[in-house]
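Written below as structure tokens is the structure these notes are about.
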Amino acid sequence: MMKFKVSGLVADLMPNIRLIQGSGHFMLNYHADNSGALHTLRLGYCCVTLVFMLLQYGCNFVNLVLERGDVNDLAANTITVLFFTHCITKFVYFAVRSKLFYRTLGIWNQPNSHPLFVESNNRYHALALKKMRRLLYIIIVWTSFSAIAWTSITFVGESVHTTKDPENENLTISEPIPRLLVRAWYPWNAMSGMPHMLTLIFQVYYVFFALAHANLLDSLFCSWLIFACEQLQHLKEIMKPLMELSATLDTYVPKSADLFRAPSATSQDNLIENDYNSKNEDLKGVYSTRQELGGHFRGAALQNFGAGGVGPNGLTKKQELMVRSAIKYWVERHKHVVRLVTAIGDAYGVALLLHMLTSTIMLTLLAYQATKITGVDKYAATVIGYLLFALAQVFHFCIFGNRLIEESSSVMEAAYSCHWYDGSEEAKTFVQIVCQQCQKAMSISGAKFFTISLDLFASVLGAVVTYFMVLVQLK
Amino acid sequence: MENFDWKTTIKINLFVLRTVGLWPKDNDLYKPDLYTVYASLAAIVIIGGHNLFQLINIFYVYNDIKALTRIIFVATTNFLAATKMYFFVRNLKMVKHLFVRLNSEQFRPKTWEQLKLVEPTLKGWKTIYGVYVTIVCSIVFMWSINPFLTGGVQQYELPFDAWYPVQITVSPNYEILYAYQLVCIWPISMGNINLDSLIFAVMMYIRTQCDILCDDLRKLEDNEAFNRKLISCIRHHKAILRFAQDSNNFFSVIALGQMATSTAVLALTMFQLTFVNPVSGEGLGHLLYITGITAQILLYCWFGNKVELKSSQIIYALYESKWFQQPPPVKKNFLILSIRCQRPIKLTAINLFTLSLETFIKILRSAWSYFAVLSSVNK
């Protein structure tokens, strides 16, 4: 039995992961006990969830087809179907592309470290953790509140729909339909009694779990972005002490071979344990920090370079190499962050694209529905509720995408604002390369179609308002 | 240039702000003295009182869309003015600190030539200030004498619809309330436009600093002092960036509020204009008001745009210096400076909207579409 150890992002995001597993997503890793029986049990749970979700979605769709005669009903049912398309899409997407998610979660398992910057690193890590927890609480509260609100509003008002009067073609009468959360067709009569109660409970389960599926995945994505942003903040913070340190260096230019030498026999590598990764089939071979960064990690105990003597600027060789290793730490950490962001984009980009496509159509229809609001009643409440929920989902990932863009483009400003002109040639080369590299901000794109930023949210909002205004004028 | 003071250009502006109660003497903040008492009294009675009465009136008439828009397009500007003054007073320490930094050694023009260089910019600000004040004064004047023009004095009509706890139509009450409204609207408007002008002045100062920096960079001679002078230019550039960042923090929310309300008010005023005869006194007042609001938001975007343009000139000035004979370490300093200067100084409203002419066009378009919706809803 392999010893279960969590590290890196998996450890930080364990509550998220447990919730995602609990809601029935196909996340079958990260369990202490992954023996055959339990694994099959978990797999079975996920499959059962999938079957239930698809069944209910199918019932919704059948209802849409059956009620397509009346325009109002058609619009309302299409909105419901599109709303739950998000949830099904995310569920299936995760099941199909779970490898990419595991890869992203495993990327931060072996970050490098430097004795000078451990304190700053830990501080920003703690900050990221705090923010991720807070986001998770907000998402849980929001999902629960939405589910409860949906359930409560079912019991308000009449449960009817209008159909053509069978006696007179031109009139419409209201016909009672089952009082359920979502209008769906069932092969049994769910009007009252035991079938009605059971169907109601099933629908409550369905709504709650569907909302959870979509929101939890989005919050996982946003938590990754929070982490990346805090790492960038850490890098910006250590730029100034790094410059001051390197200002002590003279124009002494070392042989570049010294900087990237493989560890000598006396070096003590202070790596984070990678037992878990090496034994985990999914991660081995996909990504290995050790291979990527080379073996030149510096441990808490400095290497002893023997008779180093004193350099031209009064620093011992030990201190000079400490400074150079600090620069190397910065560069390698920055590259690590870039890799993380790329992995996040690969894992979630397509899901965002699908989300935006569905949202656009749904918001257009909602704008049309909104023009029919006549007063403060159940109809208005449901339309506004759908609208707010859809916009909140888009806002959720837009705001974190925007923060990433801002943080990554301010690295250049942080590099420029320290006293680089007093530093050594080496430091200036470093600043120059950092400035050039960080001119382009890191961003997450929806499979290269659009960038996730607040501009996207503003354009979505503007589009909804425009459609609404046009439709109002057409009425 | 020892006794050059940037503040001499904006003397009148600061004087009016002082009169309204927004600018404590010199570089101080609000100390517990007579001026603070005067300022707080003015805030409560004039700004607070006037806005409160208009707000209460809105509650009474919100069902009637025509009456609502008649009140709201003036009331919104007053609310905005109050909000802007609040944010200004909250950030007063930062503003005073900005002016202290502005008069430091680093930011002063160093030669007569540089003085000549910045003079057109300063003069331009003064001209714009004069025009802006004239427009707004004429608007407020039109409002003040509107009851006389339309003959509403007989019906005891006040310049602005507001709710008062006393009866308006009784004789001494009417005169007192009329005088009160005049006493309210003039300081509010003057405070509003002078606040705007102060923000424009700050943006204008950033431009002049970029001018001075460009001049310094062009004049870099090919001698041993090149590196030393280049480094002082780099320090100057960093100080300009910090100054721009701090001033952006100060007026970020104000600019956002201004943009949002300008859009709404433009739409509402155009809507109002469809109900009155354009050549009557009231119609003329509305047209003037539209001009004033457009001018206000245009000036924000104009000055922001100018800062962006001017800061993107720095890199050309850098290239015009005599850099090619210098040793590699100096060239490296040069390179890093030029990489940074490729990104111009962008002034934004809470990082969402940059103050530029494109934003101005967007605002005009939005205002027009809101106006279209309002008029179609009303039909």
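Each chain in the structure tokens gets a letter, A, B and so on, in the order shown; residues start at 1 in every chain, and ligands are counted from 1 in the order they appear.
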Under the rule of at most 8 Å, produce a per-residue listing of chain A near chain B: chain, number, name, the closest pair of atoms, and the distance in Å, as JSON lines, using only C-alpha atoms.
{"residue": "A:Met412", "atom": "CA", "partner": "B:Arg340", "partner_atom": "CA", "distance": 7.8}
{"residue": "A:Glu413", "atom": "CA", "partner": "B:Arg340", "partner_atom": "CA", "distance": 7.7}
{"residue": "A:Tyr416", "atom": "CA", "partner": "B:Arg340", "partner_atom": "CA", "distance": 7.1}
{"residue": "A:Ser417", "atom": "CA", "partner": "B:Lys238", "partner_atom": "CA", "distance": 6.7}
{"residue": "A:Tyr421", "atom": "CA", "partner": "B:Asn333", "partner_atom": "CA", "distance": 6.6}
{"residue": "A:Glu425", "atom": "CA", "partner": "B:Pro329", "partner_atom": "CA", "distance": 6.7}
{"residue": "A:Lys428", "atom": "CA", "partner": "B:Lys332", "partner_atom": "CA", "distance": 7.0}
{"residue": "A:Thr429", "atom": "CA", "partner": "B:Lys332", "partner_atom": "CA", "distance": 7.5}
{"residue": "A:Val431", "atom": "CA", "partner": "B:Ile336", "partner_atom": "CA", "distance": 7.4}
{"residue": "A:Gln432", "atom": "CA", "partner": "B:Ile336", "partner_atom": "CA", "distance": 5.4}
{"residue": "A:Cys435", "atom": "CA", "partner": "B:Ile339", "partner_atom": "CA", "distance": 6.8}
{"residue": "A:Gln436", "atom": "CA", "partner": "B:Ile339", "partner_atom": "CA", "distance": 6.7}
{"residue": "A:Leu454", "atom": "CA", "partner": "B:Leu352", "partner_atom": "CA", "distance": 7.6}
{"residue": "A:Asp455", "atom": "CA", "partner": "B:Leu352", "partner_atom": "CA", "distance": 7.8}
{"residue": "A:Met469", "atom": "CA", "partner": "B:Val373", "partner_atom": "CA", "distance": 6.1}
{"residue": "A:Val472", "atom": "CA", "partner": "B:Val377", "partner_atom": "CA", "distance": 7.7}
{"residue": "A:Gln473", "atom": "CA", "partner": "B:Ser376", "partner_atom": "CA", "distance": 6.2}
Query raised in the report: From the list A:Phe155, A:Tyr368, A:Tyr30, A:Phe208, which residue is nearest Val470 of chain A when using only C-alpha atoms?
Result: A:Tyr368
Report summary line: As a check of understanding: the span from atom CA of Ile88 of chain A to atom CA of Met191 of chain A is 27.0 Å
Query raised in the report: Near Leu363 of chain A, counting only C-alpha atoms, which residues have an atom at most 7 Å away, once you skip same-chain residues fewer than 4 positions from it, shown as a list in words?
Result: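 Listed by chain and then number, they are Ser359, Ala367 and Val464 of chain A.
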Write out the residues from the selection above, keeping N, CA and C atoms, as a compact mmCIF listing (two decimals), in the first residue's frame.
# COMPACT_ATOMS: atom_id res chain seq x y z
N SER A 359 -23.65 30.78 -22.70
CA SER A 359 -24.11 31.97 -22.00
C SER A 359 -24.64 33.01 -22.96
N ALA A 367 -32.78 38.36 -22.27
CA ALA A 367 -33.11 39.75 -22.57
C ALA A 367 -34.51 39.83 -23.16
N VAL A 464 -25.96 42.31 -23.47
CA VAL A 464 -27.28 42.03 -22.90
C VAL A 464 -28.13 43.30 -22.91
Query raised in the report: With distances taken over only C-alpha atoms, which of B:Leu80, B:Ile46, B:Ala264, B:Leu347 is nearest to Ser247 of chain B?
Result: B:Leu347
